[in-house]
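Chemist: So here's upload.txt, just compact mmCIF, C-alpha atoms:
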# COMPACT_ATOMS: atom_id res chain seq x y z
CA MET A 1 -11.39 6.37 -9.66
CA ALA A 2 -13.92 7.22 -6.98
CA GLY A 3 -16.18 10.19 -7.48
CA PRO A 4 -16.20 13.34 -5.37
CA ASP A 5 -17.63 13.40 -1.88
CA VAL A 6 -20.61 15.73 -2.10
CA TYR A 7 -22.46 17.57 0.63
CA PHE A 8 -25.61 19.50 -0.16
CA GLY A 9 -26.99 22.10 2.23
CA GLY A 10 -30.10 21.28 4.24
CA GLY A 11 -30.86 18.27 6.41
CA ASP A 12 -29.59 17.43 9.85
CA MET A 13 -26.32 15.92 10.92
CA LEU A 14 -26.19 13.09 13.38
CA GLU A 15 -25.78 14.24 16.97
CA SER A 16 -22.32 12.59 17.19
CA GLU A 17 -21.21 14.46 14.05
CA ASN A 18 -22.61 17.71 15.41
CA ARG A 19 -20.65 17.16 18.62
CA ASP A 20 -17.41 16.46 16.76
CA HIS A 21 -17.82 19.63 14.72
CA ARG A 22 -18.46 21.72 17.83
CA VAL A 23 -15.36 20.36 19.52
CA ALA A 24 -13.18 20.86 16.44
CA LEU A 25 -14.24 24.52 16.21
CA ALA A 26 -13.35 25.43 19.79
CA GLY A 27 -11.44 28.72 19.83
CA ARG A 28 -12.25 29.47 16.19
CA ASP A 29 -15.04 32.05 16.61
CA GLU A 30 -12.84 34.90 15.43
CA ALA A 31 -11.60 32.91 12.43
CA LEU A 32 -15.17 31.97 11.46
CA THR A 33 -16.24 35.61 11.53
CA GLU A 34 -13.21 36.81 9.59
CA VAL A 35 -13.49 34.17 6.87
CA GLU A 36 -17.23 34.82 6.50
CA ASP A 37 -16.58 38.54 6.11
CA LEU A 38 -13.79 37.90 3.61
CA LEU A 39 -16.03 35.60 1.57
CA ARG A 40 -18.73 38.27 1.30
CA HIS A 41 -16.21 40.70 -0.17
CA ARG A 42 -14.04 38.36 -2.28
CA ARG A 43 -16.33 35.43 -3.27
CA LEU A 44 -13.23 33.20 -3.53
CA VAL A 45 -11.41 32.51 -0.27
CA THR A 46 -8.68 29.96 0.38
CA VAL A 47 -8.07 28.91 3.98
CA THR A 48 -4.42 27.85 4.32
CA GLY A 49 -2.31 26.29 7.02
CA PRO A 50 -0.42 23.13 8.00
CA GLY A 51 -1.99 19.69 7.90
CA GLY A 52 -4.19 19.00 10.91
CA VAL A 53 -4.78 22.65 11.81
CA GLY A 54 -8.53 22.44 11.19
CA LYS A 55 -9.06 24.01 7.75
CA SER A 56 -11.71 21.52 6.66
CA ALA A 57 -13.64 21.82 9.93
CA LEU A 58 -13.69 25.60 9.57
CA VAL A 59 -14.98 25.74 6.00
CA GLY A 60 -17.43 22.91 6.69
CA ALA A 61 -18.92 24.89 9.57
CA LEU A 62 -19.22 27.99 7.41
CA ALA A 63 -20.91 26.02 4.62
CA ARG A 64 -23.58 24.91 7.08
CA ARG A 65 -24.33 28.43 8.29
CA PRO A 66 -27.82 29.39 7.12
CA GLY A 67 -27.83 32.52 5.03
CA LEU A 68 -24.10 32.59 4.32
CA VAL A 69 -25.01 32.78 0.63
CA PRO A 70 -28.79 33.37 0.57
CA GLY A 71 -30.71 30.84 -1.50
CA ALA A 72 -27.54 29.08 -2.60
CA VAL A 73 -27.03 25.53 -3.68
CA VAL A 74 -24.26 24.25 -1.40
CA ALA A 75 -21.83 21.56 -2.55
CA ARG A 76 -18.62 20.25 -1.02
CA THR A 77 -15.91 18.10 -2.53
CA ASP A 78 -12.47 16.85 -1.52
CA LEU A 79 -9.84 16.79 -4.26
CA ALA A 80 -7.46 14.51 -2.34
CA PRO A 81 -8.18 11.42 -4.52
CA LEU A 82 -7.77 13.38 -7.76
CA VAL A 83 -4.43 13.03 -9.55
CA ASP A 84 -5.01 14.50 -13.01
CA PRO A 85 -5.22 18.32 -12.90
CA GLY A 86 -7.11 18.25 -16.19
CA LEU A 87 -10.08 16.68 -14.39
CA VAL A 88 -10.55 19.48 -11.85
CA PRO A 89 -13.45 21.11 -13.78
CA HIS A 90 -15.17 17.73 -14.18
CA TRP A 91 -14.75 16.96 -10.47
CA LEU A 92 -16.32 20.31 -9.51
CA ALA A 93 -19.12 19.85 -12.03
CA ARG A 94 -20.02 16.48 -10.52
CA ALA A 95 -20.03 18.01 -7.05
CA LEU A 96 -22.48 20.65 -8.20
CA GLY A 97 -24.55 18.16 -10.15
CA THR A 98 -23.99 19.99 -13.43
CA ASP A 99 -22.07 17.54 -15.64
CA GLY A 100 -21.96 18.98 -19.13
CA PRO A 101 -22.29 17.12 -22.41
CA ALA A 102 -19.45 14.85 -23.47
CA GLY A 103 -16.96 16.48 -25.79
CA LYS A 104 -17.67 20.04 -24.64
CA PRO A 105 -14.95 21.81 -22.62
CA GLN A 106 -15.98 21.09 -19.05
CA LEU A 107 -15.00 24.45 -17.55
CA ALA A 108 -17.04 26.39 -20.10
CA ALA A 109 -19.96 23.99 -19.70
CA LEU A 110 -19.85 24.32 -15.92
CA ALA A 111 -19.74 28.11 -16.05
CA GLN A 112 -22.65 28.14 -18.49
CA ALA A 113 -24.67 25.72 -16.35
CA LEU A 114 -24.15 27.78 -13.20
CA GLY A 115 -24.75 31.15 -14.84
CA ASP A 116 -26.14 33.51 -12.22
CA THR A 117 -27.47 30.75 -9.94
CA PRO A 118 -26.53 31.44 -6.29
CA ALA A 119 -24.12 28.70 -5.23
CA LEU A 120 -21.55 27.98 -2.55
CA LEU A 121 -18.82 25.52 -3.51
CA VAL A 122 -16.48 24.16 -0.83
CA VAL A 123 -13.31 22.63 -2.29
CA ASP A 124 -11.06 20.76 0.14
CA THR A 125 -7.43 19.75 -0.40
CA CYS A 126 -6.29 21.87 -3.34
CA GLU A 127 -2.56 21.87 -2.54
CA HIS A 128 -1.46 19.04 -4.86
CA LEU A 129 -3.34 20.66 -7.78
CA ALA A 130 -2.70 24.26 -6.76
CA LYS A 131 -1.94 25.75 -10.19
CA ARG A 132 -4.95 24.20 -11.93
CA CYS A 133 -7.28 24.90 -8.99
CA THR A 134 -6.24 28.54 -9.04
CA GLU A 135 -6.99 28.83 -12.77
CA VAL A 136 -10.32 27.01 -12.61
CA LEU A 137 -11.69 28.69 -9.48
CA ILE A 138 -10.77 32.19 -10.62
CA ALA A 139 -12.35 31.53 -14.02
CA LEU A 140 -15.56 30.21 -12.43
CA VAL A 141 -15.94 33.10 -10.02
CA ASP A 142 -15.31 35.60 -12.83
CA ALA A 143 -17.89 33.92 -15.07
CA CYS A 144 -20.57 33.26 -12.41
CA PRO A 145 -21.49 36.44 -10.52
CA ARG A 146 -23.38 34.65 -7.72
CA LEU A 147 -20.92 31.84 -7.10
CA HIS A 148 -18.95 31.83 -3.85
CA VAL A 149 -16.03 29.43 -3.27
CA LEU A 150 -14.35 28.33 -0.04
CA ALA A 151 -11.18 26.34 -0.69
CA THR A 152 -8.63 24.73 1.62
CA SER A 153 -4.97 24.20 0.81
CA ARG A 154 -1.81 23.55 2.78
CA ALA A 155 0.00 25.81 0.32
CA PRO A 156 -1.71 29.15 -0.46
CA LEU A 157 -3.38 29.40 -3.86
CA ARG A 158 -2.44 32.49 -5.80
CA THR A 159 -5.83 34.09 -5.34
CA PRO A 160 -6.66 37.43 -3.68
CA GLY A 161 -8.75 35.98 -0.83
CA LEU A 162 -6.31 34.15 1.44
CA TYR A 163 -6.86 33.35 5.11
CA PRO A 164 -3.97 31.71 7.02
CA LEU A 165 -5.30 29.54 9.84
CA SER A 166 -2.84 29.28 12.71
CA PRO A 167 -2.46 26.53 15.30
CA VAL A 168 -4.47 27.10 18.47
CA PRO A 169 -3.02 28.57 21.69
CA LEU A 170 -2.18 26.29 24.60
CA ASP A 171 -5.34 27.13 26.56
CA VAL A 172 -7.53 26.28 23.56
CA ALA A 173 -5.58 23.07 22.93
CA ALA A 174 -6.13 22.07 26.55
CA GLY A 175 -9.85 22.71 26.18
CA LEU A 176 -9.96 20.61 23.01
CA PHE A 177 -8.14 17.79 24.78
CA THR A 178 -10.59 17.85 27.66
CA GLU A 179 -13.58 17.86 25.28
CA TYR A 180 -12.28 14.92 23.28
CA ALA A 181 -11.33 13.06 26.43
CA GLY A 182 -14.83 13.62 27.77
CA GLN A 183 -16.20 11.49 24.94
CA LEU A 184 -14.25 8.48 26.25
CA ASP A 185 -14.82 6.32 29.31
CA ALA A 186 -11.58 7.52 30.87
CA GLU A 187 -10.66 9.03 34.19
CA GLU A 188 -10.61 12.81 34.34
CA THR A 189 -7.15 14.23 33.65
CA ALA A 190 -5.75 16.88 35.99
CA PRO A 191 -5.51 20.34 34.33
CA ASP A 192 -1.74 20.59 34.85
CA MET A 193 -1.25 17.20 33.18
CA VAL A 194 -3.47 18.30 30.27
CA ARG A 195 -1.35 21.41 29.78
CA ARG A 196 1.87 19.40 29.90
CA ILE A 197 0.51 17.07 27.22
CA CYS A 198 -0.76 19.90 25.02
CA ALA A 199 2.51 21.81 25.28
CA LEU A 200 4.06 19.04 23.16
CA LEU A 201 1.45 19.19 20.37
CA ASP A 202 2.32 22.38 18.43
CA GLY A 203 -1.26 23.64 18.76
CA LEU A 204 -2.51 21.28 16.04
CA PRO A 205 -6.09 20.10 16.68
CA LEU A 206 -5.31 16.81 14.90
CA ALA A 207 -2.45 16.13 17.31
CA VAL A 208 -4.69 17.01 20.26
CA ARG A 209 -7.35 14.59 19.01
CA ILE A 210 -4.79 11.82 18.60
CA ALA A 211 -3.37 12.38 22.10
CA ALA A 212 -6.81 12.49 23.74
CA GLY A 213 -7.81 9.28 21.96
CA ARG A 214 -4.97 7.47 23.71
CA LEU A 215 -6.85 7.85 27.00
CA ALA A 216 -9.18 5.06 25.91
CA GLN A 217 -6.43 2.56 26.69
CA HIS A 218 -3.72 4.46 28.55
CA SER A 219 -3.33 6.69 31.59
CA ALA A 220 -2.59 10.40 31.17
CA ALA A 221 0.96 9.78 32.41
CA GLU A 222 1.45 7.10 29.73
CA VAL A 223 0.07 9.48 27.09
CA LEU A 224 2.57 12.12 28.18
CA ASP A 225 5.44 9.62 28.12
CA GLY A 226 4.45 8.58 24.59
CA LEU A 227 4.57 12.18 23.37
CA ILE A 228 7.93 13.09 24.88
CA ASP A 229 9.61 11.08 22.12
CA ALA A 230 8.46 13.15 19.12
CA GLU A 231 9.48 10.45 16.65
CA ALA A 232 7.34 7.84 18.41
CA ALA A 233 4.43 10.30 18.47
CA LEU A 234 4.45 10.36 14.67
CA ASP A 235 2.89 6.91 14.51
CA LEU A 236 0.20 7.22 17.18
CA PRO A 237 -3.10 6.42 15.42
CA ALA A 238 -6.06 8.78 15.37
CA THR A 239 -9.27 7.38 16.81
CA GLY A 240 -12.83 7.97 15.69
CA SER A 241 -14.42 8.05 12.28
CA GLY A 242 -14.54 10.69 9.59
CA LEU A 243 -10.83 11.37 9.22
CA PRO A 244 -9.31 11.01 5.73
CA GLY A 245 -6.40 8.64 5.21
CA ARG A 246 -3.88 11.48 5.21
CA GLN A 247 -4.88 12.31 8.81
CA ARG A 248 -4.93 8.86 10.42
CA SER A 249 -1.63 9.74 12.11
CA LEU A 250 0.80 12.65 12.17
CA ARG A 251 3.11 10.63 9.91
CA ASP A 252 0.31 10.25 7.35
CA SER A 253 -0.22 14.00 7.43
CA LEU A 254 3.47 14.75 6.99
CA ASP A 255 3.83 12.09 4.27
CA TRP A 256 1.19 13.99 2.30
CA SER A 257 3.08 17.27 2.79
CA LEU A 258 6.35 15.66 1.73
CA ARG A 259 4.86 14.57 -1.59
CA LEU A 260 4.05 18.20 -2.32
CA CYS A 261 7.65 19.33 -1.83
CA THR A 262 10.32 19.66 -4.48
CA ALA A 263 13.49 17.60 -4.13
CA GLU A 264 15.31 20.69 -2.79
CA GLU A 265 12.55 21.36 -0.26
CA GLN A 266 12.67 17.75 0.92
CA LEU A 267 16.44 17.95 1.35
CA LEU A 268 16.29 21.24 3.26
CA TRP A 269 13.44 19.94 5.45
CA ALA A 270 15.68 17.07 6.55
CA ARG A 271 18.71 19.29 7.09
CA LEU A 272 16.79 21.92 9.10
CA SER A 273 15.98 19.22 11.64
CA VAL A 274 19.42 19.72 13.23
CA PHE A 275 18.24 23.06 14.63
CA PRO A 276 16.74 22.38 18.08
CA GLY A 277 15.16 25.83 18.22
CA SER A 278 14.81 28.89 16.03
CA PHE A 279 17.03 29.70 13.06
CA GLU A 280 17.63 32.56 10.67
CA PRO A 281 18.17 32.42 6.90
CA ALA A 282 21.85 33.36 7.21
CA GLN A 283 22.44 30.47 9.61
CA VAL A 284 20.59 28.10 7.32
CA LEU A 285 22.73 29.14 4.36
CA GLU A 286 25.92 28.43 6.30
CA ILE A 287 24.91 25.13 7.88
CA CYS A 288 22.61 23.57 5.28
CA GLY A 289 24.13 24.88 2.07
CA ASP A 290 26.66 23.03 -0.07
CA ALA A 291 27.11 21.79 -3.64
CA ALA A 292 23.92 19.73 -3.36
CA LEU A 293 21.98 22.75 -2.11
CA PRO A 294 23.64 25.98 -3.37
CA PRO A 295 22.37 29.43 -2.29
CA GLY A 296 19.79 30.01 -5.04
CA PRO A 297 17.99 26.66 -4.74
CA LEU A 298 18.35 26.77 -0.95
CA ILE A 299 16.64 30.15 -0.67
CA ALA A 300 13.87 28.95 -3.00
CA ALA A 301 13.45 25.80 -0.90
CA PHE A 302 13.36 27.83 2.31
CA THR A 303 10.65 30.04 0.85
CA GLY A 304 8.72 26.97 -0.30
CA LEU A 305 8.79 25.37 3.16
CA ALA A 306 7.52 28.60 4.71
CA TRP A 307 4.85 28.89 2.00
CA GLN A 308 3.61 25.41 2.92
CA SER A 309 3.63 26.15 6.68
CA LEU A 310 6.33 23.55 7.34
CA ILE A 311 8.42 26.24 9.00
CA GLU A 312 6.91 29.24 10.73
CA PRO A 313 8.20 32.73 11.50
CA GLN A 314 9.15 33.60 15.05
CA PRO A 315 9.57 37.38 15.42
CA ASP A 316 12.64 38.34 17.40
CA GLU A 317 12.96 42.03 18.23
CA GLU A 318 16.73 41.91 18.68
CA GLU A 319 17.80 39.92 15.63
CA GLY A 320 15.00 40.28 13.09
CA THR A 321 12.70 37.49 11.96
CA ALA A 322 13.66 33.97 12.94
CA PHE A 323 11.92 30.75 11.98
CA ARG A 324 11.19 27.48 13.72
CA MET A 325 10.09 24.04 12.66
CA PRO A 326 7.20 22.52 14.65
CA ARG A 327 8.26 19.69 16.91
CA THR A 328 6.74 16.74 15.05
CA THR A 329 7.66 18.21 11.66
CA ARG A 330 11.25 18.39 12.88
CA ALA A 331 11.13 14.79 14.15
CA TYR A 332 9.89 13.63 10.75
CA GLY A 333 12.70 15.54 9.04
CA ARG A 334 15.26 14.08 11.43
CA GLN A 335 14.24 10.56 10.47
CA ARG A 336 14.69 11.42 6.82
CA LEU A 337 18.07 13.00 7.54
CA ARG A 338 19.14 9.81 9.31
CA LEU A 339 17.99 7.67 6.39
CA SER A 340 19.89 9.89 3.94
CA GLY A 341 23.19 9.22 5.70
CA GLU A 342 23.77 12.96 6.25
CA GLU A 343 22.92 13.18 9.95
CA ARG A 344 26.51 13.05 11.27
CA GLU A 345 27.73 15.59 8.71
CA LEU A 346 24.93 18.08 9.43
CA LEU A 347 25.29 17.73 13.19
CA THR A 348 29.02 18.41 12.83
CA ARG A 349 28.30 21.55 10.81
CA PHE A 350 25.76 22.71 13.38
CA LEU A 351 28.06 22.10 16.35
CA THR A 352 30.99 23.78 14.59
CA TRP A 353 28.86 26.83 13.85
CA THR A 354 27.54 26.89 17.45
CA LEU A 355 31.08 26.82 18.94
CA ARG A 356 32.26 29.54 16.57
CA ALA A 357 29.25 31.75 17.35
CA SER A 358 29.53 31.34 21.13
Represent the supplied structure as structure tokens.
Modeler:
Amino acid sequence: MAGPDVYFGGGDMLESENRDHRVALAGRDEALTEVEDLLRHRRLVTVTGPGGVGKSALVGALARRPGLVPGAVVARTDLAPLVDPGLVPHWLARALGTDGPAGKPQLAALAQALGDTPALLVVDTCEHLAKRCTEVLIALVDACPRLHVLATSRAPLRTPGLYPLSPVPLDVAAGLFTEYAGQLDAEETAPDMVRRICALLDGLPLAVRIAAGRLAQHSAAEVLDGLIDAEAALDLPATGSGLPGRQRSLRDSLDWSLRLCTAEEQLLWARLSVFPGSFEPAQVLEICGDAALPPGPLIAAFTGLAWQSLIEPQPDEEEGTAFRMPRTTRAYGRQRLRLSGEERELLTRFLTWTLRAS
């Protein structure tokens, strides 16, 4: 198994890397300030949100801020390759360069080695090891009074310092698209065309980057046509270096999220894809519930999908809180519904309910 990817503070980034970081952080000034303030008060902060929303870029930028933790050793590691939750302390110890002696409990050895040394530890991709990461990070922060931790996770860790990172607004997405497109030898895209493209991207910076990268070989009109079919958009490849395997396409990102879901959450994800717009829990119970997904497990699955940012709340003043599934997330679920053989049945339920409610 490969070792952790480690970044130590100090030194200069390549100009191209600096540029990519600046572009990725467009529209995130408020989030940067809020997470920095939260870290000063909590010492353990988890930035949460859907895949491709820019969590890693945000914490990476904070880790490079001089004086964030004065005099600190800065280390960064990505837990994505790690499978065994028992190895989390060892992985973090290697990132910090403090491997303890063989045979000694690694968490205790790591806490002892750090002691009161000022340190900033950035831990990416905690979602698939959420329970163990929560235990280890809380224990380390409690034992090491000058340790600060920035973590990222698609599903919130059960820690007090949580910061949900939302997709970017349309204007910011359009600016991101223009910045990424400017790095290519492509014709300038008209602002109205940029906005039409970005309106289909759910405000995810990863999706914006993928769409802009298509301009290297396609016209803006062809890029727009390719995004109109949300299922086809799932397989558009990301361009450029530095992206992990789980972000080489929107399908790769959603595949990773699917593996984190329970069987009930996977089933409900597929069934929710029949809703073209917003939906409320009562509607979901009626249309998606049955012997395979009775009320108790369905409600738990619904909560789990919301917890993992796979569905998002849409406040509705007249009818309470409704939810929606982002466009590409819905397209991915629809493919799985089709493969399950349930598509016709669920569409019939949805249409029957729609006619009865009208």
Chemist: Skip region 257-274 of chain A itself and residues of its chain fewer than 4 positions away, then list as a PDB file with C-alpha atoms, keeping the file's coordinate frame all residues within 6 Å of it, counting only C-alpha atoms.
Modeler:
ATOM      1  CA  ALA A 301      13.450  25.800  -0.900  1.00  0.00           C
ATOM      2  CA  ARG A 330      11.250  18.390  12.880  1.00  0.00           C
ATOM      3  CA  GLY A 333      12.700  15.540   9.040  1.00  0.00           C
ATOM      4  CA  ARG A 334      15.260  14.080  11.430  1.00  0.00           C
ATOM      5  CA  ARG A 336      14.690  11.420   6.820  1.00  0.00           C
ATOM      6  CA  LEU A 337      18.070  13.000   7.540  1.00  0.00           C
TER       7      LEU A 337
END
Chemist: Please, what distance in Å, to one decimal, runs between CA of Ala211 (chain A) and CA of Leu254 (chain A)?
Modeler: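 Straight-line distance from CA of Ala211 (chain A) to CA of Leu254 (chain A) works out to 16.8 Å.
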Chemist: Find the residues around Ala26 (chain A) up to 9 Å (all atoms listed in the file counted), leave out those fewer than 5 positions away in its own chain, and share them as a PDB file with C-alpha atoms, in the coordinates of the input.
Modeler:
ATOM      1  CA  HIS A  21     -17.820  19.630  14.720  1.00  0.00           C
ATOM      2  CA  VAL A 172      -7.530  26.280  23.560  1.00  0.00           C
ATOM      3  CA  ALA A 173      -5.580  23.070  22.930  1.00  0.00           C
ATOM      4  CA  GLY A 175      -9.850  22.710  26.180  1.00  0.00           C
ATOM      5  CA  LEU A 176      -9.960  20.610  23.010  1.00  0.00           C
TER       6      LEU A 176
END
Chemist: Please determine, counting all atoms listed in the file, which residue among A:Gly245, A:Pro118, A:Pro295, A:Gly161 has the shortest atom-to-atom distance to Asp37 (chain A).
Modeler: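 Using all atoms listed in the file, Asp37 (chain A) sits closest to A:Gly161.
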Chemist: Using only C-alpha atoms, can you tell me which of A:Val47, A:Leu170, A:Val53, A:Leu310 comes closest to Val123 (chain A)?
Modeler: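 Between A:Val47, A:Leu170, A:Val53, A:Leu310, the residue approaching Val123 (chain A) most closely is A:Val47.
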Chemist: Can you tell me which residues surround region 354-357 of chain A at a distance of at most 12 Å, considering all atoms listed in the file, apart from same-chain residues fewer than 6 positions away, and format the answer as a list of chain:residue names?
Modeler: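 Returned residues: A:Val274, A:Phe275, A:Pro276, A:Phe279, A:Gln283, A:Glu286, A:Ile287, A:Leu347, A:Thr348.
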Chemist: Give me, as a count of residues only, all polymer residues having an atom no more than 10 Å from Leu162 (chain A), counting all atoms listed in the file and skipping those fewer than 5 positions away in the same chain.
Modeler: 13
Chemist: Between A:Ala221, A:Val74, A:Val208, A:Gly49, single out the one closest to Ile311 (chain A), counting only C-alpha atoms.
Modeler: A:Gly49
Chemist: Taking into account only C-alpha atoms, which residue in the set A:Met325, A:Ala230, A:Leu293, A:Ala139 is nearest to Gly277 (chain A)?
Modeler: A:Met325
Chemist: Do you have the CA of Thr189 (chain A)-CA of Ser249 (chain A) distance handy?
Modeler: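 Computed distance, CA of Thr189 (chain A) to CA of Ser249 (chain A), equals 22.7 Å.
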Chemist: For the atom pair CA of Leu236 (chain A) and CA of Ile210 (chain A), what is the interatomic distance in Å to one decimal place?
Modeler: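 Those two atoms sit 6.9 Å apart.
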Chemist: Starting from the incomplete input, reconstruct all heavy atoms of region 199-207 of chain A and report them as a PDB file, in the coordinates of the input.
Modeler:
ATOM      1  N   ALA A 199       1.314  21.020  25.581  1.00  0.00           N
ATOM      2  CA  ALA A 199       2.510  21.810  25.280  1.00  0.00           C
ATOM      3  C   ALA A 199       3.408  21.115  24.264  1.00  0.00           C
ATOM      4  O   ALA A 199       4.253  21.758  23.628  1.00  0.00           O
ATOM      5  CB  ALA A 199       3.287  22.099  26.554  1.00  0.00           C
ATOM      6  N   LEU A 200       3.235  19.808  24.096  1.00  0.00           N
ATOM      7  CA  LEU A 200       4.060  19.040  23.160  1.00  0.00           C
ATOM      8  C   LEU A 200       3.421  18.886  21.782  1.00  0.00           C
ATOM      9  O   LEU A 200       3.990  18.222  20.909  1.00  0.00           O
ATOM     10  CB  LEU A 200       4.331  17.637  23.730  1.00  0.00           C
ATOM     11  CG  LEU A 200       5.062  17.577  25.071  1.00  0.00           C
ATOM     12  CD1 LEU A 200       5.106  16.139  25.577  1.00  0.00           C
ATOM     13  CD2 LEU A 200       6.473  18.150  24.954  1.00  0.00           C
ATOM     14  N   LEU A 201       2.252  19.511  21.555  1.00  0.00           N
ATOM     15  CA  LEU A 201       1.450  19.190  20.370  1.00  0.00           C
ATOM     16  C   LEU A 201       1.418  20.292  19.301  1.00  0.00           C
ATOM     17  O   LEU A 201       0.672  20.181  18.336  1.00  0.00           O
ATOM     18  CB  LEU A 201       0.020  18.850  20.800  1.00  0.00           C
ATOM     19  CG  LEU A 201      -0.092  17.667  21.772  1.00  0.00           C
ATOM     20  CD1 LEU A 201      -1.536  17.457  22.195  1.00  0.00           C
ATOM     21  CD2 LEU A 201       0.450  16.396  21.125  1.00  0.00           C
ATOM     22  N   ASP A 202       2.198  21.335  19.458  1.00  0.00           N
ATOM     23  CA  ASP A 202       2.320  22.380  18.430  1.00  0.00           C
ATOM     24  C   ASP A 202       1.006  23.094  18.124  1.00  0.00           C
ATOM     25  O   ASP A 202       0.887  23.746  17.088  1.00  0.00           O
ATOM     26  CB  ASP A 202       2.882  21.810  17.114  1.00  0.00           C
ATOM     27  CG  ASP A 202       4.319  21.319  17.256  1.00  0.00           C
ATOM     28  OD1 ASP A 202       5.089  21.989  17.959  1.00  0.00           O
ATOM     29  OD2 ASP A 202       4.645  20.277  16.680  1.00  0.00           O
ATOM     30  N   GLY A 203       0.008  22.956  18.992  1.00  0.00           N
ATOM     31  CA  GLY A 203      -1.260  23.640  18.760  1.00  0.00           C
ATOM     32  C   GLY A 203      -2.067  23.096  17.602  1.00  0.00           C
ATOM     33  O   GLY A 203      -2.991  23.764  17.121  1.00  0.00           O
ATOM     34  N   LEU A 204      -1.765  21.882  17.149  1.00  0.00           N
ATOM     35  CA  LEU A 204      -2.510  21.280  16.040  1.00  0.00           C
ATOM     36  C   LEU A 204      -3.704  20.494  16.586  1.00  0.00           C
ATOM     37  O   LEU A 204      -3.531  19.534  17.350  1.00  0.00           O
ATOM     38  CB  LEU A 204      -1.619  20.331  15.245  1.00  0.00           C
ATOM     39  CG  LEU A 204      -0.561  20.954  14.344  1.00  0.00           C
ATOM     40  CD1 LEU A 204       0.240  19.861  13.655  1.00  0.00           C
ATOM     41  CD2 LEU A 204      -1.188  21.878  13.310  1.00  0.00           C
ATOM     42  N   PRO A 205      -4.924  20.852  16.208  1.00  0.00           N
ATOM     43  CA  PRO A 205      -6.090  20.100  16.680  1.00  0.00           C
ATOM     44  C   PRO A 205      -6.022  18.608  16.358  1.00  0.00           C
ATOM     45  O   PRO A 205      -6.490  17.794  17.149  1.00  0.00           O
ATOM     46  CB  PRO A 205      -7.252  20.786  15.934  1.00  0.00           C
ATOM     47  CG  PRO A 205      -6.795  22.202  15.778  1.00  0.00           C
ATOM     48  CD  PRO A 205      -5.321  22.088  15.491  1.00  0.00           C
ATOM     49  N   LEU A 206      -5.440  18.234  15.218  1.00  0.00           N
ATOM     50  CA  LEU A 206      -5.310  16.810  14.900  1.00  0.00           C
ATOM     51  C   LEU A 206      -4.448  16.109  15.931  1.00  0.00           C
ATOM     52  O   LEU A 206      -4.770  15.011  16.396  1.00  0.00           O
ATOM     53  CB  LEU A 206      -4.720  16.625  13.504  1.00  0.00           C
ATOM     54  CG  LEU A 206      -4.412  15.172  13.104  1.00  0.00           C
ATOM     55  CD1 LEU A 206      -5.685  14.331  13.060  1.00  0.00           C
ATOM     56  CD2 LEU A 206      -3.682  15.120  11.754  1.00  0.00           C
ATOM     57  N   ALA A 207      -3.329  16.727  16.315  1.00  0.00           N
ATOM     58  CA  ALA A 207      -2.450  16.130  17.310  1.00  0.00           C
ATOM     59  C   ALA A 207      -3.151  16.021  18.663  1.00  0.00           C
ATOM     60  O   ALA A 207      -2.983  15.037  19.387  1.00  0.00           O
ATOM     61  CB  ALA A 207      -1.172  16.958  17.441  1.00  0.00           C
TER      62      ALA A 207
END
